[in-house]
file data-v8.pdb (PDB, C-alpha atoms (C1' of nucleotides))
ATOM      1  CA  MET A   1     147.974 118.384  95.250
ATOM      2  CA  PRO A   2     145.571 121.245  94.627
ATOM      3  CA  THR A   3     143.451 122.487  97.508
ATOM      4  CA  LEU A   4     140.505 120.204  96.882
ATOM      5  CA  LEU A   5     138.082 119.971  99.776
ATOM      6  CA  GLY A   6     137.752 116.209  99.466
ATOM      7  CA  TYR A   7     141.494 115.731  99.632
ATOM      8  CA  ALA A   8     141.892 118.053 102.625
ATOM      9  CA  ILE A   9     139.089 116.274 104.467
ATOM     10  CA  ARG A  10     140.522 112.852 103.759
ATOM     11  CA  ARG A  11     143.948 113.831 105.101
ATOM     12  CA  SER A  12     142.390 115.312 108.234
ATOM     13  CA  GLN A  13     140.312 112.212 108.758
ATOM     14  CA  ILE A  14     143.415 110.028 108.614
ATOM     15  CA  ALA A  15     145.143 112.205 111.219
ATOM     16  CA  ILE A  16     142.095 112.084 113.502
ATOM     17  CA  PHE A  17     141.699 108.327 113.065
ATOM     18  CA  GLN A  18     145.303 107.738 114.075
ATOM     19  CA  ASP A  19     144.930 109.876 117.193
ATOM     20  CA  PHE A  20     141.684 108.060 117.999
ATOM     21  CA  MET A  21     143.329 104.640 117.772
ATOM     22  CA  ARG A  22     146.243 105.766 119.945
ATOM     23  CA  SER A  23     143.693 107.063 122.457
ATOM     24  CA  MET A  24     141.938 103.701 122.620
ATOM     25  CA  GLY A  25     145.190 102.020 123.542
ATOM     26  CA  ALA A  26     145.062  98.346 124.401
ATOM     27  CA  THR A  27     141.262  98.204 124.118
ATOM     28  CA  GLY A  28     141.720  98.203 120.322
ATOM     29  CA  ILE A  29     138.188  99.573 119.943
ATOM     30  CA  ARG A  30     137.662 101.097 116.500
ATOM     31  CA  PRO A  31     135.481 104.117 115.719
ATOM     32  CA  ALA A  32     132.615 102.007 114.340
ATOM     33  CA  GLN A  33     132.609  99.789 117.444
ATOM     34  CA  TYR A  34     132.628 102.806 119.720
ATOM     35  CA  SER A  35     129.729 104.428 117.875
ATOM     36  CA  ILE A  36     127.697 101.218 118.097
ATOM     37  CA  LEU A  37     128.328 100.831 121.823
ATOM     38  CA  THR A  38     127.330 104.472 122.335
ATOM     39  CA  VAL A  39     124.079 104.189 120.389
ATOM     40  CA  ILE A  40     123.055 101.040 122.251
ATOM     41  CA  ALA A  41     123.887 102.570 125.628
ATOM     42  CA  ARG A  42     121.708 105.595 124.905
ATOM     43  CA  ASN A  43     118.852 103.576 123.405
ATOM     44  CA  PRO A  44     118.736 100.184 125.106
ATOM     45  CA  GLY A  45     116.556  97.687 123.272
ATOM     46  CA  LEU A  46     117.236  99.179 119.854
ATOM     47  CA  LYS A  47     116.891  96.836 116.855
ATOM     48  CA  GLN A  48     119.827  96.138 114.559
ATOM     49  CA  ALA A  49     118.109  97.829 111.620
ATOM     50  CA  GLN A  50     117.744 101.000 113.678
ATOM     51  CA  VAL A  51     121.429 101.000 114.553
ATOM     52  CA  SER A  52     122.294 100.451 110.881
ATOM     53  CA  ASP A  53     120.143 103.366 109.809
ATOM     54  CA  SER A  54     121.290 105.837 112.443
ATOM     55  CA  LEU A  55     125.009 105.145 111.931
ATOM     56  CA  GLY A  56     124.996 104.479 108.192
ATOM     57  CA  ILE A  57     126.521 101.027 108.620
ATOM     58  CA  GLU A  58     125.323  98.262 106.261
ATOM     59  CA  ARG A  59     123.198  95.777 108.187
ATOM     60  CA  ALA A  60     125.321  92.900 106.861
ATOM     61  CA  ARG A  61     128.399  94.625 108.255
ATOM     62  CA  LEU A  62     126.697  95.323 111.585
ATOM     63  CA  VAL A  63     126.108  91.602 112.070
ATOM     64  CA  LEU A  64     129.855  90.960 112.071
ATOM     65  CA  VAL A  65     130.700  93.834 114.413
ATOM     66  CA  LEU A  66     127.967  92.749 116.843
ATOM     67  CA  ASN A  67     129.370  89.223 116.774
ATOM     68  CA  GLU A  68     132.721  90.653 117.896
ATOM     69  CA  LEU A  69     131.097  92.748 120.616
ATOM     70  CA  GLU A  70     129.134  89.759 121.889
ATOM     71  CA  GLU A  71     132.228  87.532 121.836
ATOM     72  CA  ARG A  72     134.065  90.159 123.885
ATOM     73  CA  GLY A  73     131.136  90.163 126.322
ATOM     74  CA  LEU A  74     130.318  93.834 125.744
ATOM     75  CA  ALA A  75     126.852  93.629 124.150
ATOM     76  CA  ARG A  76     124.086  91.080 123.778
ATOM     77  CA  ARG A  77     121.195  90.351 121.458
ATOM     78  CA  VAL A  78     117.856  89.493 123.047
ATOM     79  CA  LEU A  79     115.047  88.016 120.970
ATOM     80  CA  SER A  80     112.240  90.541 120.747
ATOM     81  CA  THR A  81     108.938  89.395 122.235
ATOM     82  CA  THR A  82     106.831  91.632 119.997
ATOM     83  CA  ASP A  83     108.526  90.904 116.651
ATOM     84  CA  ARG A  84     110.345  87.605 116.651
ATOM     85  CA  ARG A  85     112.305  88.527 113.528
ATOM     86  CA  SER A  86     114.259  91.191 115.368
ATOM     87  CA  HIS A  87     116.804  91.444 118.158
ATOM     88  CA  ALA A  88     116.785  93.975 120.964
ATOM     89  CA  LEU A  89     120.308  95.174 121.741
ATOM     90  CA  PHE A  90     121.768  95.872 125.191
ATOM     91  CA  LEU A  91     125.160  96.419 126.743
ATOM     92  CA  THR A  92     126.361  93.941 129.336
ATOM     93  CA  PRO A  93     127.584  95.319 132.677
ATOM     94  CA  GLU A  94     131.101  94.803 131.325
ATOM     95  CA  GLY A  95     130.104  96.768 128.227
ATOM     96  CA  GLU A  96     128.809  99.616 130.376
ATOM     97  CA  ARG A  97     132.013  99.623 132.366
ATOM     98  CA  LEU A  98     134.252  99.628 129.289
ATOM     99  CA  LEU A  99     132.181 102.322 127.575
ATOM    100  CA  ALA A 100     132.656 104.611 130.588
ATOM    101  CA  GLU A 101     136.394 104.183 130.193
ATOM    102  CA  LEU A 102     136.195 104.707 126.425
ATOM    103  CA  ASP A 103     134.181 107.891 126.920
ATOM    104  CA  HIS A 104     136.993 109.188 129.081
ATOM    105  CA  ARG A 105     139.622 108.303 126.477
ATOM    106  CA  VAL A 106     137.524 109.837 123.683
ATOM    107  CA  ALA A 107     137.096 113.024 125.712
ATOM    108  CA  GLU A 108     140.878 113.350 125.910
ATOM    109  CA  HIS A 109     141.163 112.676 122.198
ATOM    110  CA  GLU A 110     138.559 115.351 121.467
ATOM    111  CA  ALA A 111     140.315 117.783 123.797
ATOM    112  CA  ARG A 112     143.526 117.366 121.796
ATOM    113  CA  LEU A 113     141.649 118.277 118.614
ATOM    114  CA  ILE A 114     139.954 121.246 120.244
ATOM    115  CA  ALA A 115     143.347 122.485 121.439
ATOM    116  CA  LYS A 116     144.318 122.823 117.774
ATOM    117  CA  LEU A 117     141.121 124.630 116.767
ATOM    118  CA  GLY A 118     139.926 126.618 119.751
ATOM    119  CA  GLN A 119     136.304 126.348 120.849
ATOM    120  CA  PRO A 120     135.076 128.872 118.264
ATOM    121  CA  GLY A 121     137.043 127.023 115.587
ATOM    122  CA  ARG A 122     135.488 123.746 116.638
ATOM    123  CA  ARG A 123     131.966 125.164 116.388
ATOM    124  CA  GLN A 124     132.749 126.719 113.014
ATOM    125  CA  LEU A 125     134.171 123.470 111.705
ATOM    126  CA  LEU A 126     131.117 121.468 112.781
ATOM    127  CA  GLU A 127     128.852 124.055 111.199
ATOM    128  CA  LEU A 128     130.754 124.004 107.884
ATOM    129  CA  LEU A 129     130.832 120.213 107.806
ATOM    130  CA  SER A 130     127.095 120.003 108.411
ATOM    131  CA  ARG A 131     126.517 122.233 105.380
ATOM    132  CA  LEU A 132     128.369 119.750 103.191
ATOM    133  CA  GLN A 133     125.794 117.107 104.003
ATOM    134  CA  ASP A 134     122.755 119.200 103.127
ATOM    135  CA  ASP A 135     120.275 118.243 100.379
TER
ATOM    136  CA  MET B   1     125.726 110.420 118.171
ATOM    137  CA  PRO B   2     127.469 113.220 120.043
ATOM    138  CA  THR B   3     129.089 116.005 118.054
ATOM    139  CA  LEU B   4     132.502 114.402 117.827
ATOM    140  CA  LEU B   5     134.769 115.983 115.255
ATOM    141  CA  GLY B   6     135.955 112.639 113.943
ATOM    142  CA  TYR B   7     132.413 111.435 113.383
ATOM    143  CA  ALA B   8     131.345 114.665 111.654
ATOM    144  CA  ILE B   9     134.377 114.545 109.390
ATOM    145  CA  ARG B  10     133.809 110.925 108.490
ATOM    146  CA  ARG B  11     130.187 111.585 107.514
ATOM    147  CA  SER B  12     131.190 114.583 105.411
ATOM    148  CA  GLN B  13     133.895 112.596 103.708
ATOM    149  CA  ILE B  14     131.399 109.911 102.734
ATOM    150  CA  ALA B  15     129.066 112.531 101.236
ATOM    151  CA  ILE B  16     131.946 114.099  99.288
ATOM    152  CA  PHE B  17     133.208 110.725  98.089
ATOM    153  CA  GLN B  18     129.789 109.824  96.740
ATOM    154  CA  ASP B  19     129.498 113.117  94.864
ATOM    155  CA  PHE B  20     133.027 112.606  93.532
ATOM    156  CA  MET B  21     132.214 109.139  92.183
ATOM    157  CA  ARG B  22     129.019 110.413  90.560
ATOM    158  CA  SER B  23     131.060 113.197  88.969
ATOM    159  CA  MET B  24     133.521 110.743  87.478
ATOM    160  CA  GLY B  25     130.686 108.902  85.741
ATOM    161  CA  ALA B  26     131.630 106.095  83.388
ATOM    162  CA  THR B  27     135.364 106.723  83.803
ATOM    163  CA  GLY B  28     135.105 104.997  87.188
ATOM    164  CA  ILE B  29     138.258 106.826  88.310
ATOM    165  CA  ARG B  30     138.597 106.827  92.102
ATOM    166  CA  PRO B  31     140.068 109.615  94.216
ATOM    167  CA  ALA B  32     143.402 107.830  94.702
ATOM    168  CA  GLN B  33     143.750 107.203  90.968
ATOM    169  CA  TYR B  34     142.932 110.830  90.190
ATOM    170  CA  SER B  35     145.462 112.112  92.706
ATOM    171  CA  ILE B  36     148.166 109.860  91.239
ATOM    172  CA  LEU B  37     147.430 110.973  87.667
ATOM    173  CA  THR B  38     147.553 114.592  88.822
ATOM    174  CA  VAL B  39     150.869 114.260  90.627
ATOM    175  CA  ILE B  40     152.492 112.538  87.646
ATOM    176  CA  ALA B  41     151.139 115.142  85.218
ATOM    177  CA  ARG B  42     152.609 117.970  87.269
ATOM    178  CA  ASN B  43     155.921 116.227  87.913
ATOM    179  CA  PRO B  44     156.721 114.025  84.925
ATOM    180  CA  GLY B  45     159.505 111.549  85.608
ATOM    181  CA  LEU B  46     158.688 111.236  89.318
ATOM    182  CA  LYS B  47     159.723 107.994  91.021
ATOM    183  CA  GLN B  48     157.157 105.700  92.659
ATOM    184  CA  ALA B  49     158.601 106.322  96.113
ATOM    185  CA  GLN B  50     158.111 110.061  95.635
ATOM    186  CA  VAL B  51     154.480 109.581  94.657
ATOM    187  CA  SER B  52     153.956 107.338  97.692
ATOM    188  CA  ASP B  53     155.447 109.923 100.016
ATOM    189  CA  SER B  54     153.626 112.927  98.645
ATOM    190  CA  LEU B  55     150.200 111.260  98.628
ATOM    191  CA  GLY B  56     150.565 109.088 101.721
ATOM    192  CA  ILE B  57     149.846 105.890  99.784
ATOM    193  CA  GLU B  58     151.777 102.762 100.780
ATOM    194  CA  ARG B  59     154.311 101.902  98.105
ATOM    195  CA  ALA B  60     152.992  98.326  97.952
ATOM    196  CA  ARG B  61     149.534  99.711  97.267
ATOM    197  CA  LEU B  62     150.832 102.140  94.638
ATOM    198  CA  VAL B  63     152.244  99.233  92.638
ATOM    199  CA  LEU B  64     148.738  97.807  92.177
ATOM    200  CA  VAL B  65     147.143 101.131  91.248
ATOM    201  CA  LEU B  66     149.908 101.858  88.734
ATOM    202  CA  ASN B  67     149.348  98.427  87.200
ATOM    203  CA  GLU B  68     145.717  99.390  86.642
ATOM    204  CA  LEU B  69     146.654 102.761  85.163
ATOM    205  CA  GLU B  70     149.185 101.143  82.838
ATOM    206  CA  GLU B  71     146.697  98.468  81.760
ATOM    207  CA  ARG B  72     144.203 101.219  80.946
ATOM    208  CA  GLY B  73     146.900 102.938  78.903
ATOM    209  CA  LEU B  74     146.891 106.077  81.037
ATOM    210  CA  ALA B  75     150.386 106.003  82.566
ATOM    211  CA  ARG B  76     153.688 104.248  81.937
ATOM    212  CA  ARG B  77     156.777 103.282  83.868
ATOM    213  CA  VAL B  78     160.146 103.998  82.231
ATOM    214  CA  LEU B  79     163.326 102.490  83.636
ATOM    215  CA  SER B  80     165.471 105.263  85.051
ATOM    216  CA  THR B  81     168.855 105.679  83.381
ATOM    217  CA  THR B  82     170.477 107.187  86.475
ATOM    218  CA  ASP B  83     169.171 104.741  89.120
ATOM    219  CA  ARG B  84     168.247 101.397  87.638
ATOM    220  CA  ARG B  85     166.271 100.403  90.733
ATOM    221  CA  SER B  86     163.645 103.039  90.092
ATOM    222  CA  HIS B  87     160.972 103.837  87.534
ATOM    223  CA  ALA B  88     160.263 107.268  86.095
ATOM    224  CA  LEU B  89     156.511 107.831  85.719
ATOM    225  CA  PHE B  90     154.748 109.582  82.843
ATOM    226  CA  LEU B  91     151.250 109.948  81.516
ATOM    227  CA  THR B  92     150.520 108.621  78.038
ATOM    228  CA  PRO B  93     148.844 110.974  75.547
ATOM    229  CA  GLU B  94     145.613 109.141  76.367
ATOM    230  CA  GLY B  95     146.293 109.767  80.061
ATOM    231  CA  GLU B  96     146.798 113.470  79.412
ATOM    232  CA  ARG B  97     143.560 113.602  77.448
ATOM    233  CA  LEU B  98     141.564 111.781  80.115
ATOM    234  CA  LEU B  99     143.039 113.868  82.916
ATOM    235  CA  ALA B 100     141.915 117.058  81.162
ATOM    236  CA  GLU B 101     138.376 115.664  81.144
ATOM    237  CA  LEU B 102     138.667 114.552  84.767
ATOM    238  CA  ASP B 103     139.871 117.999  85.796
ATOM    239  CA  HIS B 104     136.734 119.431  84.254
ATOM    240  CA  ARG B 105     134.512 116.949  86.099
ATOM    241  CA  VAL B 106     136.351 117.562  89.381
ATOM    242  CA  ALA B 107     135.936 121.328  88.942
ATOM    243  CA  GLU B 108     132.174 120.834  88.695
ATOM    244  CA  HIS B 109     132.253 118.583  91.755
ATOM    245  CA  GLU B 110     134.213 121.190  93.695
ATOM    246  CA  ALA B 111     131.826 123.926  92.551
ATOM    247  CA  ARG B 112     128.900 121.977  94.014
ATOM    248  CA  LEU B 113     130.682 121.823  97.369
ATOM    249  CA  ILE B 114     131.558 125.507  97.264
ATOM    250  CA  ALA B 115     127.926 126.317  96.542
ATOM    251  CA  LYS B 116     127.101 124.824  99.943
ATOM    252  CA  LEU B 117     129.843 126.702 101.804
ATOM    253  CA  GLY B 118     130.388 129.982 100.014
ATOM    254  CA  GLN B 119     133.924 131.055  99.107
ATOM    255  CA  PRO B 120     134.665 132.435 102.602
ATOM    256  CA  GLY B 121     133.309 129.217 104.111
ATOM    257  CA  ARG B 122     135.525 127.157 101.845
ATOM    258  CA  ARG B 123     138.642 129.092 102.865
ATOM    259  CA  GLN B 124     137.699 128.820 106.532
ATOM    260  CA  LEU B 125     137.137 125.090 106.230
ATOM    261  CA  LEU B 126     140.512 124.506 104.556
ATOM    262  CA  GLU B 127     142.196 126.602 107.228
ATOM    263  CA  LEU B 128     140.535 124.698 110.086
ATOM    264  CA  LEU B 129     141.331 121.333 108.508
ATOM    265  CA  SER B 130     144.983 122.264 108.083
ATOM    266  CA  ARG B 131     145.187 123.040 111.806
ATOM    267  CA  LEU B 132     144.079 119.491 112.602
ATOM    268  CA  GLN B 133     147.167 118.138 110.866
ATOM    269  CA  ASP B 134     149.668 120.292 112.737
ATOM    270  CA  ASP B 135     152.467 118.875 114.966
TER
ATOM    271  C1'  DT C   1     173.859  98.123 104.394
ATOM    272  C1'  DA C   2     170.044 100.771 102.570
ATOM    273  C1'  DT C   3     166.676 101.713  99.013
ATOM    274  C1'  DT C   4     163.284 100.679  94.976
ATOM    275  C1'  DG C   5     159.932  98.149  93.430
ATOM    276  C1'  DT C   6     157.448  93.886  93.897
ATOM    277  C1'  DT C   7     154.777  89.970  95.822
ATOM    278  C1'  DA C   8     152.078  88.101  99.354
ATOM    279  C1'  DT C   9     149.165  88.007 103.443
ATOM    280  C1'  DA C  10     145.784  89.599 106.776
ATOM    281  C1'  DC C  11     142.328  92.711 108.195
ATOM    282  C1'  DT C  12     138.790  96.510 107.831
ATOM    283  C1'  DC C  13     135.134  98.430 105.378
ATOM    284  C1'  DT C  14     131.752  98.860 101.459
ATOM    285  C1'  DA C  15     128.434  96.902  98.390
ATOM    286  C1'  DT C  16     125.477  93.155  96.752
ATOM    287  C1'  DA C  17     122.901  89.214  96.406
ATOM    288  C1'  DA C  18     120.603  85.417  98.215
ATOM    289  C1'  DC C  19     118.751  82.872 101.978
ATOM    290  C1'  DT C  20     115.613  81.942 106.569
ATOM    291  C1'  DA C  21     112.233  83.048 109.507
ATOM    292  C1'  DT C  22     109.015  85.744 110.553
ATOM    293  C1'  DA C  23     105.321  89.432 109.717
TER
ATOM    294  C1'  DT D   1     104.557  90.323  99.742
ATOM    295  C1'  DA D   2     107.781  92.701 102.713
ATOM    296  C1'  DT D   3     111.063  92.991 106.608
ATOM    297  C1'  DA D   4     114.984  91.454 110.086
ATOM    298  C1'  DG D   5     118.807  89.196 110.444
ATOM    299  C1'  DT D   6     122.293  86.234 108.387
ATOM    300  C1'  DT D   7     125.697  84.283 105.142
ATOM    301  C1'  DA D   8     128.654  84.723 101.320
ATOM    302  C1'  DT D   9     131.328  87.070  97.874
ATOM    303  C1'  DA D  10     134.006  90.667  95.605
ATOM    304  C1'  DG D  11     136.458  94.961  95.634
ATOM    305  C1'  DA D  12     139.070  98.811  97.859
ATOM    306  C1'  DG D  13     142.168 100.401 101.231
ATOM    307  C1'  DT D  14     145.569  99.806 105.107
ATOM    308  C1'  DA D  15     149.441  97.579 107.218
ATOM    309  C1'  DT D  16     153.293  94.301 107.262
ATOM    310  C1'  DA D  17     156.822  91.372 106.008
ATOM    311  C1'  DA D  18     159.912  89.415 102.867
ATOM    312  C1'  DC D  19     162.360  89.233  98.504
ATOM    313  C1'  DA D  20     165.419  90.560  94.182
ATOM    314  C1'  DA D  21     167.912  94.012  92.012
ATOM    315  C1'  DT D  22     170.573  97.854  92.571
ATOM    316  C1'  DA D  23     172.898 101.576  95.032
TER
END

call {"tool": "encode", "arguments": {"input": "data-v8.pdb", "output": "C-alpha cells"}}
result
Amino acid sequence: MPTLLGYAIRRSQIAIFQDFMRSMGATGIRPAQYSILTVIARNPGLKQAQVSDSLGIERARLVLVLNELEERGLARRVLSTTDRRSHALFLTPEGERLLAELDHRVAEHEARLIAKLGQPGRRQLLELLSRLQDD
Amino acid sequence: MPTLLGYAIRRSQIAIFQDFMRSMGATGIRPAQYSILTVIARNPGLKQAQVSDSLGIERARLVLVLNELEERGLARRVLSTTDRRSHALFLTPEGERLLAELDHRVAEHEARLIAKLGQPGRRQLLELLSRLQDD
DNA sequence: TATTGTTATACTCTATAACTATA
DNA sequence: TATAGTTATAGAGTATAACAATA
C-alpha cells in the first residue's frame, strides 16, 4: 500500500488497541468504557448528553454502554432534581476502585508506547495529530 | 480526556475517515474497498489469502467485500490453473477506470491532510507512526 | 494433514429514526 | 416546540468456528 496517512494511522490504531486490550487483562474494559468512566470520575453529576458530546459517542450508543457499567456495579444514574428529563452520572465506590486499577494499567500501556517514541517523539506526535483535527 | 496517544489517534482517524468518505462522493467506496482494489491493480492474479495477509483483513471478511466488488463489476475471481483451491484476482476494465478516478480523489484528500501538516510534518508523522508498530 | 475459500454466528461500533417524558 | 433519554433497526468491521474442495 502507498504511504497514505489514513492507512498508516489505521494500522497504528489497531496496534495500540491490541496493546490496550492486553493491558486491561481480565477486566475486559474497552477504550470507550474506560473513557466514560474517566469523564464521570472527573465530572461527577454530568448528564449523559454532556458525556456524549465530550467523547463523540452517539447518545443512543451511550445508553447501552451505561447499562453495562451499571450492571457491573461501576456507575449509576441518578434522576436530576433540577431537570427531571436528565440523569446525573456517578461512579460507585466499586467503580472508583476499579478505575484506580485501570489508570495504573493504562499508565503501563502508555509507557510502552512512549518507549517506542521517546518523550519528544510523543509530544511531536500529539502535536501533529491535533493539527489533523483543525478546522 | 487526558492526552493518551490511543485516544488522540482514534480521534484523528475519525476525522480522516470522514474526509475520505466525503472525497469518495457518490462512489461510496470505503477505505477497505479502495485498499483491496489498489492491491489487486498492482499485483494482478493475487490470491485472496495474499490480499488478506497484506492488508490485515480477515479472509472471511474479504470474501464478502469481494462479492460486493464483483457484483459492482469492478473485480473478478478467476479459478487458478496451478492450485484449484485458490482464486486469482483481477480488476475488470470498469474497475481499472474507477480506480483511476478514485486515485485522483484520494490524492486530493491526501493533499488536504498535507496542507494541515506541511511536507516535513507529514514525513515526521509517518515515521512516528511506523515506530508504534515495531516489535 | 494443511490450506483456500466459504458460510455462519456473535459482538462492537456507527448512524438513524421514532418514541416518552419532560421542559 | 425543543431536549434528554430510550428503543429499535441496519450496516460495517472484528473474531471464531466449522465445512468442502484441493493440495

call {"tool": "calpha_fit_and_write", "arguments": {"input": "data-v8.pdb", "fixed": "chain A", "moving": "chain B", "output": "CSV table (one decimal) with C-alpha atoms, in the frame of the given file"}}
result
chain,number,residue,atom,x,y,z
B,1,MET,CA,148.0,118.4,95.2
B,2,PRO,CA,145.6,121.2,94.7
B,3,THR,CA,143.5,122.5,97.6
B,4,LEU,CA,140.5,120.2,96.9
B,5,LEU,CA,138.1,119.9,99.8
B,6,GLY,CA,137.8,116.2,99.5
B,7,TYR,CA,141.5,115.7,99.6
B,8,ALA,CA,141.9,118.0,102.6
B,9,ILE,CA,139.1,116.2,104.5
B,10,ARG,CA,140.5,112.8,103.8
B,11,ARG,CA,143.9,113.8,105.1
B,12,SER,CA,142.4,115.3,108.2
B,13,GLN,CA,140.3,112.2,108.8
B,14,ILE,CA,143.4,110.0,108.6
B,15,ALA,CA,145.1,112.2,111.2
B,16,ILE,CA,142.1,112.1,113.5
B,17,PHE,CA,141.7,108.3,113.1
B,18,GLN,CA,145.3,107.7,114.1
B,19,ASP,CA,144.9,109.9,117.2
B,20,PHE,CA,141.7,108.1,118.0
B,21,MET,CA,143.3,104.6,117.8
B,22,ARG,CA,146.2,105.8,120.0
B,23,SER,CA,143.7,107.1,122.5
B,24,MET,CA,141.9,103.7,122.6
B,25,GLY,CA,145.2,102.0,123.6
B,26,ALA,CA,145.0,98.3,124.4
B,27,THR,CA,141.2,98.2,124.1
B,28,GLY,CA,141.7,98.2,120.3
B,29,ILE,CA,138.2,99.6,120.0
B,30,ARG,CA,137.7,101.1,116.5
B,31,PRO,CA,135.5,104.1,115.7
B,32,ALA,CA,132.6,102.0,114.3
B,33,GLN,CA,132.6,99.8,117.4
B,34,TYR,CA,132.6,102.8,119.7
B,35,SER,CA,129.7,104.4,117.9
B,36,ILE,CA,127.7,101.2,118.1
B,37,LEU,CA,128.3,100.8,121.8
B,38,THR,CA,127.3,104.4,122.3
B,39,VAL,CA,124.1,104.2,120.4
B,40,ILE,CA,123.1,101.0,122.2
B,41,ALA,CA,123.9,102.6,125.6
B,42,ARG,CA,121.7,105.6,124.9
B,43,ASN,CA,118.9,103.6,123.4
B,44,PRO,CA,118.8,100.2,125.1
B,45,GLY,CA,116.6,97.7,123.3
B,46,LEU,CA,117.3,99.2,119.9
B,47,LYS,CA,116.9,96.8,116.9
B,48,GLN,CA,119.8,96.1,114.5
B,49,ALA,CA,118.1,97.8,111.6
B,50,GLN,CA,117.8,101.0,113.7
B,51,VAL,CA,121.4,101.0,114.6
B,52,SER,CA,122.3,100.5,110.9
B,53,ASP,CA,120.2,103.4,109.8
B,54,SER,CA,121.3,105.8,112.4
B,55,LEU,CA,125.0,105.1,111.9
B,56,GLY,CA,125.0,104.5,108.2
B,57,ILE,CA,126.5,101.0,108.6
B,58,GLU,CA,125.3,98.3,106.2
B,59,ARG,CA,123.2,95.8,108.2
B,60,ALA,CA,125.3,92.9,106.8
B,61,ARG,CA,128.4,94.6,108.2
B,62,LEU,CA,126.7,95.3,111.6
B,63,VAL,CA,126.1,91.6,112.0
B,64,LEU,CA,129.9,91.0,112.0
B,65,VAL,CA,130.7,93.8,114.4
B,66,LEU,CA,128.0,92.7,116.8
B,67,ASN,CA,129.4,89.2,116.8
B,68,GLU,CA,132.7,90.6,117.9
B,69,LEU,CA,131.1,92.7,120.6
B,70,GLU,CA,129.1,89.8,121.9
B,71,GLU,CA,132.2,87.5,121.8
B,72,ARG,CA,134.1,90.1,123.9
B,73,GLY,CA,131.2,90.2,126.3
B,74,LEU,CA,130.3,93.8,125.7
B,75,ALA,CA,126.9,93.6,124.1
B,76,ARG,CA,124.1,91.0,123.8
B,77,ARG,CA,121.2,90.3,121.5
B,78,VAL,CA,117.9,89.5,123.1
B,79,LEU,CA,115.0,88.0,121.0
B,80,SER,CA,112.2,90.6,120.8
B,81,THR,CA,109.0,89.5,122.3
B,82,THR,CA,106.9,91.7,120.1
B,83,ASP,CA,108.6,91.0,116.7
B,84,ARG,CA,110.3,87.7,116.6
B,85,ARG,CA,112.3,88.6,113.5
B,86,SER,CA,114.3,91.2,115.4
B,87,HIS,CA,116.8,91.4,118.2
B,88,ALA,CA,116.8,94.0,121.0
B,89,LEU,CA,120.3,95.2,121.8
B,90,PHE,CA,121.8,95.9,125.2
B,91,LEU,CA,125.2,96.4,126.7
B,92,THR,CA,126.4,93.9,129.3
B,93,PRO,CA,127.6,95.3,132.7
B,94,GLU,CA,131.1,94.8,131.3
B,95,GLY,CA,130.1,96.8,128.2
B,96,GLU,CA,128.8,99.6,130.4
B,97,ARG,CA,132.0,99.6,132.4
B,98,LEU,CA,134.3,99.6,129.3
B,99,LEU,CA,132.2,102.3,127.6
B,100,ALA,CA,132.6,104.6,130.6
B,101,GLU,CA,136.4,104.2,130.2
B,102,LEU,CA,136.2,104.7,126.4
B,103,ASP,CA,134.2,107.9,126.9
B,104,HIS,CA,137.0,109.2,129.1
B,105,ARG,CA,139.6,108.3,126.5
B,106,VAL,CA,137.5,109.8,123.7
B,107,ALA,CA,137.1,113.0,125.7
B,108,GLU,CA,140.9,113.4,125.9
B,109,HIS,CA,141.1,112.7,122.2
B,110,GLU,CA,138.5,115.4,121.5
B,111,ALA,CA,140.3,117.8,123.8
B,112,ARG,CA,143.5,117.4,121.8
B,113,LEU,CA,141.6,118.3,118.6
B,114,ILE,CA,140.0,121.3,120.3
B,115,ALA,CA,143.3,122.5,121.4
B,116,LYS,CA,144.3,122.8,117.8
B,117,LEU,CA,141.1,124.6,116.8
B,118,GLY,CA,139.9,126.6,119.8
B,119,GLN,CA,136.3,126.4,120.8
B,120,PRO,CA,135.1,128.9,118.2
B,121,GLY,CA,137.0,127.0,115.6
B,122,ARG,CA,135.5,123.8,116.6
B,123,ARG,CA,132.0,125.2,116.4
B,124,GLN,CA,132.7,126.7,113.0
B,125,LEU,CA,134.2,123.5,111.7
B,126,LEU,CA,131.1,121.5,112.8
B,127,GLU,CA,128.8,124.1,111.2
B,128,LEU,CA,130.7,124.0,107.9
B,129,LEU,CA,130.8,120.2,107.8
B,130,SER,CA,127.1,120.0,108.4
B,131,ARG,CA,126.5,122.2,105.4
B,132,LEU,CA,128.4,119.7,103.2
B,133,GLN,CA,125.8,117.1,104.0
B,134,ASP,CA,122.7,119.2,103.1
B,135,ASP,CA,120.2,118.3,100.3

call {"tool": "residues_around", "arguments": {"input": "data-v8.pdb", "residues": "D:DG11", "least_positions_apart": "6", "cutoff": "12 Å", "atoms": "only C-alpha atoms (C1' of nucleotides)", "output": "PDB file with C-alpha atoms (C1' of nucleotides), keeping the file's coordinate frame"}}
result
ATOM      1  C1'  DC C  13     135.134  98.430 105.378  1.00  0.00           C
ATOM      2  C1'  DT C  14     131.752  98.860 101.459  1.00  0.00           C
ATOM      3  C1'  DA C  15     128.434  96.902  98.390  1.00  0.00           C
ATOM      4  C1'  DT C  16     125.477  93.155  96.752  1.00  0.00           C
TER       5       DT C  16
END

call {"tool": "resolve_selection", "arguments": {"input": "data-v8.pdb", "expression": "the PyMOL selection byres ((chain C) within 8 of (chain B))", "output": "PyMOL selection string"}}
result
chain C and resi 4-6

call {"tool": "atom_distance", "arguments": {"input": "data-v8.pdb", "atom1": "atom CA of B:Leu91", "atom2": "atom CA of B:Val39"}}
result
10.1 Å

call {"tool": "resolve_selection", "arguments": {"input": "data-v8.pdb", "expression": "the PyMOL selection byres ((chain A) within 8 of (chain B))", "output": "number ranges by chain"}}
result
A: 1, 3-6, 8-13, 15-17, 35, 38-39, 110, 113, 116-117, 121-122, 125-126, 128-134
